[in-house]
Each structure stands twice: as structure tokens, then as C-alpha cells.
file final-v6.txt (compact mmCIF, C-alpha atoms and all ligand atoms)
# COMPACT_ATOMS: atom_id res chain seq x y z
CA MET A 815 -7.29 19.28 19.23
CA LYS A 816 -5.28 17.65 22.01
CA ARG A 817 -4.19 14.08 21.23
CA THR A 818 -4.36 11.61 24.06
CA SER A 819 -2.71 8.64 22.29
CA ARG A 820 1.05 8.36 22.46
CA VAL A 821 3.66 7.05 20.05
CA PRO A 822 4.32 3.39 20.95
CA ASP A 823 7.95 2.40 21.33
CA LEU A 824 9.35 -0.39 19.16
CA ALA A 825 10.26 -2.87 21.89
CA GLU A 826 6.71 -2.60 23.12
CA THR A 827 5.18 -3.09 19.68
CA GLU A 828 7.24 -6.23 19.01
CA LYS A 829 5.78 -7.67 22.17
CA ALA A 830 2.32 -6.89 20.78
CA ALA A 831 2.65 -9.60 18.12
CA PRO A 832 3.93 -12.77 19.80
CA GLU A 833 2.49 -15.08 17.10
CA VAL A 834 4.40 -13.22 14.45
CA GLN A 835 7.63 -13.55 16.41
CA ALA A 836 7.12 -17.26 16.93
CA ARG A 837 6.47 -17.89 13.24
CA ALA A 838 9.13 -15.59 11.86
CA PRO A 839 11.34 -17.50 9.41
CA ARG A 840 15.04 -16.85 8.82
CA THR A 841 15.71 -13.63 6.94
CA ARG A 842 16.91 -13.98 3.32
CA ARG A 843 17.86 -11.21 0.92
CA TYR A 844 17.67 -11.17 -2.88
CA HIS A 845 18.53 -8.50 -5.44
CA VAL A 846 17.06 -8.08 -8.90
CA GLY A 847 18.61 -5.02 -10.53
CA GLN A 848 17.94 -2.04 -8.22
CA GLN A 849 15.27 -3.93 -6.29
CA GLU A 850 15.90 -5.69 -2.98
CA ILE A 851 13.61 -8.39 -1.63
CA ILE A 852 13.84 -9.40 2.01
CA GLN A 853 12.09 -12.56 3.13
CA GLY A 854 11.04 -12.32 6.77
CA ASP A 855 8.85 -10.56 9.31
CA CYS A 856 8.55 -6.85 8.52
CA LEU A 857 8.52 -5.69 12.15
CA ARG A 858 11.85 -7.36 12.86
CA ILE A 859 13.40 -6.16 9.62
CA LEU A 860 12.12 -2.58 9.91
CA LYS A 861 13.66 -2.40 13.38
CA ARG A 862 17.08 -3.19 11.87
CA MET A 863 16.87 -0.68 9.03
CA LYS A 864 18.62 2.69 9.21
CA PRO A 865 16.41 5.51 10.52
CA GLU A 866 15.20 8.07 7.96
CA SER A 867 16.50 5.94 5.07
CA VAL A 868 13.32 5.66 2.98
CA ASP A 869 11.60 8.31 0.82
CA LEU A 870 8.22 6.67 0.60
CA VAL A 871 6.34 3.61 1.74
CA VAL A 872 3.58 2.13 -0.38
CA THR A 873 1.87 -0.87 1.11
CA SER A 874 -1.26 -2.90 1.47
CA PRO A 875 -1.18 -4.89 4.72
CA PRO A 876 -3.43 -7.84 5.47
CA TYR A 877 -6.89 -6.40 6.17
CA ASN A 878 -7.87 -8.92 8.88
CA ILE A 879 -10.84 -10.09 6.83
CA GLY A 880 -10.02 -13.79 6.51
CA LEU A 881 -8.37 -13.81 3.06
CA GLY A 882 -6.70 -17.09 2.12
CA TYR A 883 -2.99 -16.25 2.09
CA ARG A 884 -0.57 -19.17 1.79
CA SER A 885 0.80 -18.91 5.33
CA TYR A 886 -0.36 -15.71 7.08
CA GLN A 887 -3.63 -16.21 9.03
CA ASP A 888 -5.71 -13.15 8.12
CA ARG A 889 -8.09 -13.27 11.06
CA ARG A 890 -7.08 -12.32 14.58
CA ALA A 891 -8.77 -10.51 17.45
CA GLU A 892 -9.44 -6.95 16.33
CA ASP A 893 -7.42 -5.30 19.12
CA ASP A 894 -4.42 -7.59 18.49
CA TYR A 895 -4.58 -6.71 14.81
CA LEU A 896 -4.82 -2.96 15.49
CA ASP A 897 -1.95 -3.08 18.03
CA TRP A 898 0.17 -4.97 15.51
CA MET A 899 -0.58 -2.52 12.71
CA VAL A 900 0.16 0.49 14.94
CA GLY A 901 3.47 -1.21 15.79
CA VAL A 902 4.28 -1.63 12.09
CA ALA A 903 3.32 2.01 11.43
CA ALA A 904 5.62 3.17 14.28
CA ALA A 905 8.45 1.16 12.73
CA VAL A 906 7.66 2.68 9.32
CA ARG A 907 7.75 6.17 10.85
CA ARG A 908 11.24 5.54 12.18
CA VAL A 909 12.67 4.58 8.76
CA LEU A 910 10.79 7.29 6.83
CA ARG A 911 12.60 10.52 6.00
CA PRO A 912 11.06 13.64 7.62
CA ASP A 913 9.76 14.69 4.16
CA GLY A 914 8.60 11.15 3.34
CA SER A 915 5.17 9.82 2.35
CA PHE A 916 3.44 6.71 3.67
CA PHE A 917 0.69 5.46 1.32
CA LEU A 918 -1.44 2.93 3.19
CA ASN A 919 -3.98 0.96 1.13
CA ILE A 920 -6.64 -0.75 3.21
CA ALA A 921 -10.34 -1.64 3.05
CA GLY A 922 -13.04 -3.06 5.27
CA THR A 923 -15.83 -5.42 4.34
CA SER A 924 -19.56 -4.78 4.32
CA ALA A 925 -19.86 -6.77 7.53
CA GLU A 926 -16.83 -5.08 9.14
CA PRO A 927 -16.78 -1.56 7.72
CA TRP A 928 -15.16 0.24 10.69
CA LEU A 929 -11.74 -1.41 10.74
CA PRO A 930 -9.84 0.87 8.31
CA PHE A 931 -11.24 3.92 10.11
CA GLU A 932 -10.34 2.50 13.55
CA LEU A 933 -6.80 1.98 12.27
CA VAL A 934 -6.33 5.40 10.74
CA VAL A 935 -7.70 7.11 13.86
CA ARG A 936 -5.12 5.21 15.94
CA LEU A 937 -2.42 6.35 13.52
CA ARG A 938 -3.12 9.99 14.47
CA ALA A 939 -0.59 9.50 17.25
CA LEU A 940 2.11 8.91 14.62
CA PHE A 941 1.15 10.72 11.42
CA ALA A 942 -0.85 13.52 9.85
CA LEU A 943 -3.44 12.46 7.28
CA GLN A 944 -2.27 14.65 4.40
CA ASN A 945 -4.57 13.18 1.71
CA HIS A 946 -7.30 10.59 1.64
CA ILE A 947 -7.42 9.04 -1.81
CA SER A 948 -10.23 6.75 -2.94
CA TRP A 949 -8.91 3.95 -5.12
CA VAL A 950 -11.88 3.29 -7.42
CA LYS A 951 -11.79 -0.19 -8.95
CA SER A 952 -15.02 0.05 -10.92
CA ILE A 953 -17.39 2.90 -11.63
CA ALA A 954 -20.66 3.63 -13.38
CA VAL A 955 -20.91 6.98 -15.15
CA PRO A 956 -23.92 8.22 -17.12
CA GLY A 957 -24.37 5.88 -20.07
CA ASP A 958 -21.41 3.60 -19.32
CA SER A 959 -19.49 1.62 -16.71
CA PHE A 960 -15.82 0.70 -16.31
CA GLY A 961 -13.97 -2.00 -14.39
CA HIS A 962 -15.25 -5.31 -13.05
CA PHE A 963 -18.59 -5.46 -11.26
CA LYS A 964 -19.37 -8.34 -8.91
CA PRO A 965 -22.82 -9.95 -9.17
CA VAL A 966 -25.49 -8.56 -6.86
CA ASN A 967 -25.36 -10.86 -3.85
CA SER A 968 -26.85 -8.85 -1.00
CA GLY A 969 -30.14 -7.13 -0.28
CA ARG A 970 -28.40 -4.88 2.29
CA TYR A 971 -25.07 -3.79 0.95
CA LEU A 972 -23.94 -2.01 -2.18
CA ASN A 973 -21.06 -3.66 -4.01
CA ARG A 974 -17.75 -2.37 -2.68
CA ASN A 975 -16.09 -0.73 -5.67
CA HIS A 976 -13.41 1.29 -3.88
CA GLU A 977 -10.67 1.03 -1.26
CA HIS A 978 -8.87 3.62 0.88
CA LEU A 979 -5.43 4.95 0.12
CA PHE A 980 -4.39 6.99 3.15
CA HIS A 981 -1.50 9.37 2.45
CA LEU A 982 0.22 9.81 5.81
CA THR A 983 3.10 12.19 6.46
CA LEU A 984 4.89 13.38 9.58
CA HIS A 985 3.38 16.86 9.72
CA GLY A 986 1.01 17.14 6.73
CA ASP A 987 3.32 19.55 4.86
CA VAL A 988 5.11 17.34 2.32
CA GLN A 989 5.38 19.00 -1.11
CA LEU A 990 4.11 16.70 -3.88
CA ASN A 991 4.49 16.62 -7.64
CA ARG A 992 0.80 16.64 -8.49
CA LEU A 993 1.38 17.01 -12.23
CA ALA A 994 3.72 13.99 -12.38
CA ALA A 995 0.70 11.92 -11.30
CA GLY A 996 -1.68 14.12 -13.25
CA VAL A 997 -3.95 13.71 -16.28
CA PRO A 998 -4.21 15.66 -19.56
CA PHE A 999 -6.78 18.46 -19.80
CA LYS A 1000 -10.00 17.39 -21.47
CA ASP A 1001 -10.62 20.90 -22.80
CA LYS A 1002 -7.22 22.00 -24.15
CA SER A 1003 -8.25 25.66 -24.14
CA ASN A 1004 -8.01 25.50 -20.33
CA ILE A 1005 -4.21 25.06 -20.53
CA ALA A 1006 -3.58 28.67 -21.56
CA ARG A 1007 -6.73 30.09 -19.94
CA ARG A 1008 -5.79 28.73 -16.51
CA GLY A 1009 -2.13 29.70 -16.92
CA HIS A 1010 -0.70 26.15 -17.01
CA ALA A 1011 2.63 25.47 -18.70
CA GLN A 1012 1.78 21.93 -19.83
CA ASP A 1013 -1.15 19.72 -20.83
CA GLN A 1014 -1.39 18.14 -17.38
CA ARG A 1015 -3.68 18.83 -14.45
CA CYS A 1016 -4.05 17.39 -10.95
CA ARG A 1017 -5.70 13.95 -10.91
CA GLY A 1018 -7.58 14.77 -7.72
CA ASP A 1019 -8.15 12.33 -4.87
CA THR A 1020 -10.30 9.79 -6.74
CA TRP A 1021 -8.12 7.39 -8.67
CA PHE A 1022 -9.76 5.02 -11.11
CA VAL A 1023 -7.33 2.11 -11.36
CA PRO A 1024 -9.08 -1.06 -12.58
CA TYR A 1025 -7.64 -4.55 -12.36
CA GLU A 1026 -6.47 -6.12 -15.58
CA THR A 1027 -8.81 -8.82 -16.84
CA VAL A 1028 -7.40 -12.25 -15.99
CA ARG A 1029 -8.65 -15.70 -16.94
CA ASP A 1030 -7.70 -17.59 -13.77
CA ARG A 1031 -6.11 -17.31 -10.31
CA GLU A 1032 -2.76 -18.35 -11.77
CA GLN A 1033 -2.60 -15.04 -13.63
CA LYS A 1034 -3.16 -13.28 -10.28
CA PHE A 1035 -0.21 -15.31 -8.95
CA ASN A 1036 -2.52 -17.37 -6.71
CA HIS A 1037 -2.44 -14.45 -4.27
CA PRO A 1038 -5.80 -13.24 -2.90
CA GLY A 1039 -4.95 -9.56 -2.35
CA THR A 1040 -2.75 -7.91 -4.98
CA PHE A 1041 -3.09 -4.33 -6.22
CA PRO A 1042 -2.53 -3.19 -9.84
CA VAL A 1043 0.99 -1.90 -10.56
CA GLN A 1044 -0.40 1.48 -11.62
CA LEU A 1045 -1.45 2.19 -8.02
CA PRO A 1046 2.06 2.23 -6.44
CA GLU A 1047 3.37 3.81 -9.65
CA LEU A 1048 1.05 6.81 -9.15
CA CYS A 1049 2.14 7.07 -5.50
CA ILE A 1050 5.83 7.14 -6.50
CA ARG A 1051 5.19 9.78 -9.17
CA LEU A 1052 3.06 11.86 -6.80
CA HIS A 1053 5.71 11.86 -4.07
CA GLY A 1054 7.88 13.18 -6.86
CA ARG A 1055 11.47 12.92 -5.57
CA PRO A 1056 14.25 11.99 -8.01
CA ASP A 1057 15.75 8.49 -7.49
CA PRO A 1058 13.65 7.72 -4.43
CA VAL A 1059 13.94 4.70 -2.13
CA VAL A 1060 10.54 3.00 -1.95
CA LEU A 1061 9.65 0.47 0.74
CA ASP A 1062 6.81 -2.06 0.85
CA PRO A 1063 6.83 -3.95 4.18
CA PHE A 1064 3.99 -6.25 3.00
CA MET A 1065 5.34 -6.86 -0.49
CA GLY A 1066 3.22 -9.88 -1.50
CA THR A 1067 3.93 -10.65 -5.15
CA GLY A 1068 6.24 -7.65 -5.60
CA THR A 1069 3.85 -5.18 -7.27
CA THR A 1070 5.39 -2.13 -5.54
CA LEU A 1071 8.88 -3.20 -6.60
CA LEU A 1072 7.63 -3.58 -10.16
CA ALA A 1073 6.35 0.01 -9.98
CA ALA A 1074 9.75 1.06 -8.56
CA HIS A 1075 11.45 -0.67 -11.49
CA ARG A 1076 9.17 1.10 -14.00
CA THR A 1077 9.79 4.53 -12.49
CA GLY A 1078 13.56 4.14 -11.99
CA ALA A 1079 13.22 4.05 -8.19
CA ARG A 1080 15.10 1.76 -5.82
CA GLY A 1081 12.72 -0.57 -4.04
CA ILE A 1082 12.88 -2.63 -0.86
CA GLY A 1083 10.17 -5.24 -0.39
CA ILE A 1084 9.62 -7.35 2.73
CA GLU A 1085 7.44 -10.47 2.62
CA ILE A 1086 7.02 -13.25 5.15
CA ASP A 1087 5.91 -16.00 2.77
CA PRO A 1088 8.69 -17.69 0.75
CA ASP A 1089 6.34 -18.66 -2.10
CA TYR A 1090 5.28 -15.02 -2.63
CA VAL A 1091 8.95 -14.03 -2.52
CA THR A 1092 9.65 -16.51 -5.33
CA ILE A 1093 6.79 -15.00 -7.38
CA ALA A 1094 8.07 -11.46 -6.78
CA ARG A 1095 11.59 -12.42 -7.87
CA ARG A 1096 10.21 -14.00 -11.04
CA ARG A 1097 8.02 -10.96 -11.85
CA LEU A 1098 10.98 -8.62 -11.41
CA LYS A 1099 13.30 -10.79 -13.52
CA ASP A 1100 10.66 -10.96 -16.28
CA ALA A 1101 10.25 -7.16 -16.15
CA ALA A 1102 14.01 -6.61 -16.20
CA VAL A 1103 14.50 -8.64 -19.40
CA SER A 1104 11.40 -7.48 -21.26
C1 LIG B 1201 -2.46 -7.55 0.94
S1 LIG B 1201 -1.05 -8.54 0.71
C2 LIG B 1201 0.03 -7.50 -0.24
C3 LIG B 1201 -0.12 -7.73 -1.72
C4 LIG B 1201 0.77 -6.85 -2.58
N1 LIG B 1201 0.36 -5.45 -2.55
C5 LIG B 1201 0.73 -7.34 -4.04
O1 LIG B 1201 0.27 -6.60 -4.92
O2 LIG B 1201 1.12 -8.50 -4.28
C6 LIG B 1201 -0.29 -8.58 2.29
C7 LIG B 1201 0.95 -9.47 2.35
O3 LIG B 1201 1.56 -9.33 3.66
C8 LIG B 1201 2.24 -10.56 3.94
N2 LIG B 1201 2.55 -10.56 5.38
C9 LIG B 1201 1.74 -10.89 6.43
N3 LIG B 1201 2.40 -10.74 7.60
C10 LIG B 1201 3.64 -10.27 7.30
C11 LIG B 1201 4.76 -9.89 8.10
N4 LIG B 1201 4.74 -9.97 9.44
N5 LIG B 1201 5.88 -9.45 7.47
C12 LIG B 1201 5.91 -9.37 6.10
N6 LIG B 1201 4.88 -9.73 5.30
C13 LIG B 1201 3.74 -10.17 5.89
C14 LIG B 1201 1.25 -11.61 3.46
O4 LIG B 1201 1.89 -12.85 3.23
C15 LIG B 1201 0.71 -10.96 2.16
O5 LIG B 1201 1.42 -11.42 1.03

call {"tool": "encode", "arguments": {"input": "final-v6.txt", "output": "C-alpha cells"}}
result
Amino acid sequence: MKRTSRVPDLAETEKAAPEVQARAPRTRRYHVGQQEIIQGDCLRILKRMKPESVDLVVTSPPYNIGLGYRSYQDRRAEDDYLDWMVGVAAAVRRVLRPDGSFFLNIAGTSAEPWLPFELVVRLRALFALQNHISWVKSIAVPGDSFGHFKPVNSGRYLNRNHEHLFHLTLHGDVQLNRLAAGVPFKDKSNIARRGHAQDQRCRGDTWFVPYETVRDREQKFNHPGTFPVQLPELCIRLHGRPDPVVLDPFMGTGTTLLAAHRTGARGIGIEIDPDYVTIARRRLKDAAVS
């Protein structure tokens, strides 16, 4: 099908987010082992990075749903938000290697369900949608349920137990290591019968990754929108390159860099809020010594 949208250029996309420019603090860089943390505005920093220097990007941007971040205001006019996110995606595309993967985690709300779809449709001008993974946070199966379930609080909407993980690539032809992110066979007789060399099969595109149980907000680093470390870890394993460079332009508390540390990857995390940067540095230092 013919595409009418065009790839925005970077100078243009920077102009699309004047508030971000005005608020952008001075850039600071920190290193913990192989991991690099850059404090500052991701659009500015991405623009200064070398083209085609990153193997994969795993990120969860603000969703524009009014979450209470320390400094970032998570509620702006929808078109401003979408223009800004397309600008960030264009900047990501520039730094991504031609065989790179961009894993974009995003969700809507019951009241605003269209936003993630609006965004990913706009991203057609920049990327192919190679896989659409559902990140399942809680699930009921016959006779049991897993993960945390919120109380029933609406007569209209089902509880939202999943989020999107869009796997975007330049042309939709990136070779993945499906078994590195796979799961063991339930019925071991299938290993030989199906001609597999190892007890590992493809996980599919529905990933059950629950949050760890925490007692208070402190244990979630007082951050309203973290993801579990297993999520970026699976993305890194699935992309499957040896010694990859992993980028998270919306690093938050450093979860993607923690996954990079666990998998032996080199991570680069960008975060605008100095308090979240401090938390990420502490998490990485704790992981490095444990
Ligand atoms: C959904 S959170 C990411 C959470 C992260 N995945 C984690 O597990 O901690 C989005 C983050 O983007 C940050 N942010 C917002 N605008 C930014 C910008 N222009 N540049 C860099 N970071 C930004 C927010 O402060 C917030 O921490």
C-alpha cells in the first residue's frame, strides 16, 4: 500500500517540542561498569550520537496519561505528544543499525484507548512493524490466575492486564534468536519428534511477565511507570546479537541498563530527571557488587 506520510527531519522534530527544549537541563554522563547513563533530554542527545551505532532500543516512553513523574508533565495536547514521539522515533531510527530492533512498550487507558495505535500508525513512515508482542502482566487460566489483579472499579471496562510491545525494524526482515528468548517444551517427546536440537521452543508473541510483589512505593523507586527487568532482558535475548549496544532513551530508574548488565550487553540510558538518574546509578552499582 502506498504510504502518504513522510520521514520527519530532525531539525523539524526538535522544533516540535519547544517545552522540552526550554526545560532541558545540562547534560551529565555517568558510567557504572559497561553501562552509561546520560542525564538530559533524549531528543538533543540522540541527535548528537553517532548514526547506526546502536544494536537495539528498548524503551517505555511517557504514555501521556497523566502519571505523576517527578518533573516530566505527562499530559499534553495529543497532537503535540504524537509529533514529539514521532520526532524521538526518527532520532532513534538514525542511531539504529540497519539490522537493529526497536522495542517500544506503550499502553493506553480505558478512557483513551486509541493513543498507542495512533502512534504506531504514524510510525509506519519510519519503521516496519515486525512483531506485535502483548506484555501480559496478569492472566486467568482455567482453575488459576497469576499476577496482580486490580479491584473491579468500573461497570464499563475490563481491567487492563496487558500492554503493547511493538517490535519495529527498518524493513521487517531482521533475523532474531527466538530460542534465546524461548521456553522449555512442556511435552519433552516433542523435542525429537519436531526435530529440535534442544529443549527450547519459541515463546510466541504473548509474554507473561508479572511485576514482583512490593510492599510500598519505595520498593518501586517512587517511580510511577517502571517495567520488570525481565521484559528488556527478553528483548535483548530475542534480538540475539553478541555483545550488543542497547539504548533506552527514556531510562527512568535504569531497568533496561540492569537487563543489559545481566546479559553482558553494553547499555546507554538517557533520562531527563536527575532523581531517577540517581536511582538508576544506585541500582546498577548494587547489581554490580552483588
Ligand atoms: C515510562 S518511564 C520509563 C521507566 C523505565 N522503563 C523504568 O523501568 O524505570 C518514562 C521516563 O521518561 C522520562 N522522560 C520524559 N521526558 C524525557 C526526555 N525528553 N528525555 C529523557 N527522558 C525523559 C521520564 O522522567 C520517565 O522517567

call {"tool": "residues_near_ligand", "arguments": {"input": "final-v6.txt", "ligand": "ligand LIG 1201 (chain B)", "cutoff": "7 Å", "atoms": "all atoms listed in the file", "output": "PyMOL selection string"}}
result
chain A and resi 834+854-857+873-877+883-886+1037+1039-1042+1063-1070+1084-1087+1090

call {"tool": "write_last_selection", "arguments": {"input": "final-v6.txt", "atoms": "C-alpha atoms", "output": "mmCIF file, keeping the file's coordinate frame"}}
result
data_model
loop_
_atom_site.group_PDB
_atom_site.id
_atom_site.type_symbol
_atom_site.label_atom_id
_atom_site.label_comp_id
_atom_site.auth_asym_id
_atom_site.auth_seq_id
_atom_site.Cartn_x
_atom_site.Cartn_y
_atom_site.Cartn_z
ATOM 1 C CA VAL A 834 4.400 -13.220 14.450
ATOM 2 C CA GLY A 854 11.040 -12.320 6.770
ATOM 3 C CA ASP A 855 8.850 -10.560 9.310
ATOM 4 C CA CYS A 856 8.550 -6.850 8.520
ATOM 5 C CA LEU A 857 8.520 -5.690 12.150
ATOM 6 C CA THR A 873 1.870 -0.870 1.110
ATOM 7 C CA SER A 874 -1.260 -2.900 1.470
ATOM 8 C CA PRO A 875 -1.180 -4.890 4.720
ATOM 9 C CA PRO A 876 -3.430 -7.840 5.470
ATOM 10 C CA TYR A 877 -6.890 -6.400 6.170
ATOM 11 C CA TYR A 883 -2.990 -16.250 2.090
ATOM 12 C CA ARG A 884 -0.570 -19.170 1.790
ATOM 13 C CA SER A 885 0.800 -18.910 5.330
ATOM 14 C CA TYR A 886 -0.360 -15.710 7.080
ATOM 15 C CA HIS A 1037 -2.440 -14.450 -4.270
ATOM 16 C CA GLY A 1039 -4.950 -9.560 -2.350
ATOM 17 C CA THR A 1040 -2.750 -7.910 -4.980
ATOM 18 C CA PHE A 1041 -3.090 -4.330 -6.220
ATOM 19 C CA PRO A 1042 -2.530 -3.190 -9.840
ATOM 20 C CA PRO A 1063 6.830 -3.950 4.180
ATOM 21 C CA PHE A 1064 3.990 -6.250 3.000
ATOM 22 C CA MET A 1065 5.340 -6.860 -0.490
ATOM 23 C CA GLY A 1066 3.220 -9.880 -1.500
ATOM 24 C CA THR A 1067 3.930 -10.650 -5.150
ATOM 25 C CA GLY A 1068 6.240 -7.650 -5.600
ATOM 26 C CA THR A 1069 3.850 -5.180 -7.270
ATOM 27 C CA THR A 1070 5.390 -2.130 -5.540
ATOM 28 C CA ILE A 1084 9.620 -7.350 2.730
ATOM 29 C CA GLU A 1085 7.440 -10.470 2.620
ATOM 30 C CA ILE A 1086 7.020 -13.250 5.150
ATOM 31 C CA ASP A 1087 5.910 -16.000 2.770
ATOM 32 C CA TYR A 1090 5.280 -15.020 -2.630
#

call {"tool": "closest_residue", "arguments": {"input": "final-v6.txt", "among": "A:Gln1014, A:Ser924, A:Ser959, A:Asn991", "to": "Arg974 (chain A)", "atoms": "all atoms listed in the file"}}
result
A:Ser924

call {"tool": "closest_residue", "arguments": {"input": "final-v6.txt", "among": "A:Leu1052, A:Leu979, A:Ala904, A:Val1060", "to": "Phe931 (chain A)", "atoms": "only C-alpha atoms"}}
result
A:Leu979

call {"tool": "atom_distance", "arguments": {"input": "final-v6.txt", "atom1": "CA of Ala1011 (chain A)", "atom2": "CA of Leu1048 (chain A)"}}
result
21.0 Å

call {"tool": "closest_residue", "arguments": {"input": "final-v6.txt", "among": "A:Pro912, A:Gly1018, A:Gly996, A:Gly969", "to": "Trp949 (chain A)", "atoms": "only C-alpha atoms"}}
result
A:Gly1018

call {"tool": "closest_residue", "arguments": {"input": "final-v6.txt", "among": "A:Trp928, A:Phe1022, A:Trp898, A:Phe941", "to": "Asn975 (chain A)", "atoms": "only C-alpha atoms"}}
result
A:Phe1022

call {"tool": "axis_aligned_box", "arguments": {"input": "final-v6.txt", "around": "region 916-927 of chain A", "padding_each_side": "3 Å", "output": "JSON"}}
result
{"center_x": -8.2, "center_y": 0.0, "center_z": 5.1, "size_x": 29.3, "size_y": 19.5, "size_z": 14.0}

call {"tool": "residues_around", "arguments": {"input": "final-v6.txt", "residues": "Thr1027 (chain A)", "least_positions_apart": "4", "cutoff": "12 Å", "atoms": "all atoms listed in the file", "output": "MDAnalysis selection string"}}
result
chainID A and resid 960:963 1031 1033:1034 1042

call {"tool": "write_last_selection", "arguments": {"input": "final-v6.txt", "atoms": "C-alpha atoms", "output": "PDB file, in the frame of the given file"}}
result
ATOM      1  CA  PHE A 960     -15.820   0.700 -16.310  1.00  0.00           C
ATOM      2  CA  GLY A 961     -13.970  -2.000 -14.390  1.00  0.00           C
ATOM      3  CA  HIS A 962     -15.250  -5.310 -13.050  1.00  0.00           C
ATOM      4  CA  PHE A 963     -18.590  -5.460 -11.260  1.00  0.00           C
ATOM      5  CA  ARG A1031      -6.110 -17.310 -10.310  1.00  0.00           C
ATOM      6  CA  GLN A1033      -2.600 -15.040 -13.630  1.00  0.00           C
ATOM      7  CA  LYS A1034      -3.160 -13.280 -10.280  1.00  0.00           C
ATOM      8  CA  PRO A1042      -2.530  -3.190  -9.840  1.00  0.00           C
TER       9      PRO A1042
END

call {"tool": "residues_around", "arguments": {"input": "final-v6.txt", "residues": "Phe917 (chain A)", "least_positions_apart": "3", "cutoff": "12 Å", "atoms": "only C-alpha atoms", "output": "ChimeraX atom specification"}}
result
/A:869-875,903,906-907,910,914,920,934,941-949,978-983,1045-1050,1052-1053,1060-1063,1070

call {"tool": "write_last_selection", "arguments": {"input": "final-v6.txt", "atoms": "C-alpha atoms", "output": "tab-separated table (two decimals), in the frame of the given file"}}
result
chain	number	residue	atom	x	y	z
A	869	ASP	CA	11.60	8.31	0.82
A	870	LEU	CA	8.22	6.67	0.60
A	871	VAL	CA	6.34	3.61	1.74
A	872	VAL	CA	3.58	2.13	-0.38
A	873	THR	CA	1.87	-0.87	1.11
A	874	SER	CA	-1.26	-2.90	1.47
A	875	PRO	CA	-1.18	-4.89	4.72
A	903	ALA	CA	3.32	2.01	11.43
A	906	VAL	CA	7.66	2.68	9.32
A	907	ARG	CA	7.75	6.17	10.85
A	910	LEU	CA	10.79	7.29	6.83
A	914	GLY	CA	8.60	11.15	3.34
A	920	ILE	CA	-6.64	-0.75	3.21
A	934	VAL	CA	-6.33	5.40	10.74
A	941	PHE	CA	1.15	10.72	11.42
A	942	ALA	CA	-0.85	13.52	9.85
A	943	LEU	CA	-3.44	12.46	7.28
A	944	GLN	CA	-2.27	14.65	4.40
A	945	ASN	CA	-4.57	13.18	1.71
A	946	HIS	CA	-7.30	10.59	1.64
A	947	ILE	CA	-7.42	9.04	-1.81
A	948	SER	CA	-10.23	6.75	-2.94
A	949	TRP	CA	-8.91	3.95	-5.12
A	978	HIS	CA	-8.87	3.62	0.88
A	979	LEU	CA	-5.43	4.95	0.12
A	980	PHE	CA	-4.39	6.99	3.15
A	981	HIS	CA	-1.50	9.37	2.45
A	982	LEU	CA	0.22	9.81	5.81
A	983	THR	CA	3.10	12.19	6.46
A	1045	LEU	CA	-1.45	2.19	-8.02
A	1046	PRO	CA	2.06	2.23	-6.44
A	1047	GLU	CA	3.37	3.81	-9.65
A	1048	LEU	CA	1.05	6.81	-9.15
A	1049	CYS	CA	2.14	7.07	-5.50
A	1050	ILE	CA	5.83	7.14	-6.50
A	1052	LEU	CA	3.06	11.86	-6.80
A	1053	HIS	CA	5.71	11.86	-4.07
A	1060	VAL	CA	10.54	3.00	-1.95
A	1061	LEU	CA	9.65	0.47	0.74
A	1062	ASP	CA	6.81	-2.06	0.85
A	1063	PRO	CA	6.83	-3.95	4.18
A	1070	THR	CA	5.39	-2.13	-5.54

call {"tool": "atom_distance", "arguments": {"input": "final-v6.txt", "atom1": "CA of His976 (chain A)", "atom2": "CA of Asn919 (chain A)"}}
result
10.7 Å

call {"tool": "closest_residue", "arguments": {"input": "final-v6.txt", "among": "A:Leu993, A:Val955, A:Val1091, A:Val868", "to": "Pro1058 (chain A)", "atoms": "all atoms listed in the file"}}
result
A:Val868

call {"tool": "closest_residue", "arguments": {"input": "final-v6.txt", "among": "A:Leu933, A:Ile1093, A:Ile1082, A:Val900", "to": "Met863 (chain A)", "atoms": "all atoms listed in the file"}}
result
A:Ile1082

call {"tool": "residues_around", "arguments": {"input": "final-v6.txt", "residues": "Lys1000 (chain A)", "least_positions_apart": "2", "cutoff": "12 Å", "atoms": "all atoms listed in the file", "output": "list in words"}}
result
Val997, Pro998, Lys1002, Ser1003, Asn1004, Ile1005, Asp1013, Gln1014, Arg1015 and Arg1017 of chain A

call {"tool": "atom_distance", "arguments": {"input": "final-v6.txt", "atom1": "CA of Asp987 (chain A)", "atom2": "CA of Asp1019 (chain A)"}}
result
16.7 Å

call {"tool": "residues_around", "arguments": {"input": "final-v6.txt", "residues": "Asp1100 (chain A)", "least_positions_apart": "4", "cutoff": "12 Å", "atoms": "only C-alpha atoms", "output": "list in words"}}
result
Val846, Gly847, Leu1072, His1075, Ile1093, Ala1094, Arg1095, Arg1096 and Ser1104 of chain A

call {"tool": "residues_near_point", "arguments": {"input": "final-v6.txt", "point": "(-14.7, -5.9, 6.0)", "cutoff": "12 Å", "atoms": "all atoms listed in the file", "output": "PyMOL selection string"}}
result
chain A and resi 876-881+888-889+892+920-931+971+974+977

call {"tool": "write_last_selection", "arguments": {"input": "final-v6.txt", "atoms": "C-alpha atoms", "output": "JSON list (two decimals), in the frame of the given file"}}
result
[["chain", "number", "residue", "atom", "x", "y", "z"],
["A", 876, "PRO", "CA", -3.43, -7.84, 5.47],
["A", 877, "TYR", "CA", -6.89, -6.40, 6.17],
["A", 878, "ASN", "CA", -7.87, -8.92, 8.88],
["A", 879, "ILE", "CA", -10.84, -10.09, 6.83],
["A", 880, "GLY", "CA", -10.02, -13.79, 6.51],
["A", 881, "LEU", "CA", -8.37, -13.81, 3.06],
["A", 888, "ASP", "CA", -5.71, -13.15, 8.12],
["A", 889, "ARG", "CA", -8.09, -13.27, 11.06],
["A", 892, "GLU", "CA", -9.44, -6.95, 16.33],
["A", 920, "ILE", "CA", -6.64, -0.75, 3.21],
["A", 921, "ALA", "CA", -10.34, -1.64, 3.05],
["A", 922, "GLY", "CA", -13.04, -3.06, 5.27],
["A", 923, "THR", "CA", -15.83, -5.42, 4.34],
["A", 924, "SER", "CA", -19.56, -4.78, 4.32],
["A", 925, "ALA", "CA", -19.86, -6.77, 7.53],
["A", 926, "GLU", "CA", -16.83, -5.08, 9.14],
["A", 927, "PRO", "CA", -16.78, -1.56, 7.72],
["A", 928, "TRP", "CA", -15.16, 0.24, 10.69],
["A", 929, "LEU", "CA", -11.74, -1.41, 10.74],
["A", 930, "PRO", "CA", -9.84, 0.87, 8.31],
["A", 931, "PHE", "CA", -11.24, 3.92, 10.11],
["A", 971, "TYR", "CA", -25.07, -3.79, 0.95],
["A", 974, "ARG", "CA", -17.75, -2.37, -2.68],
["A", 977, "GLU", "CA", -10.67, 1.03, -1.26]]
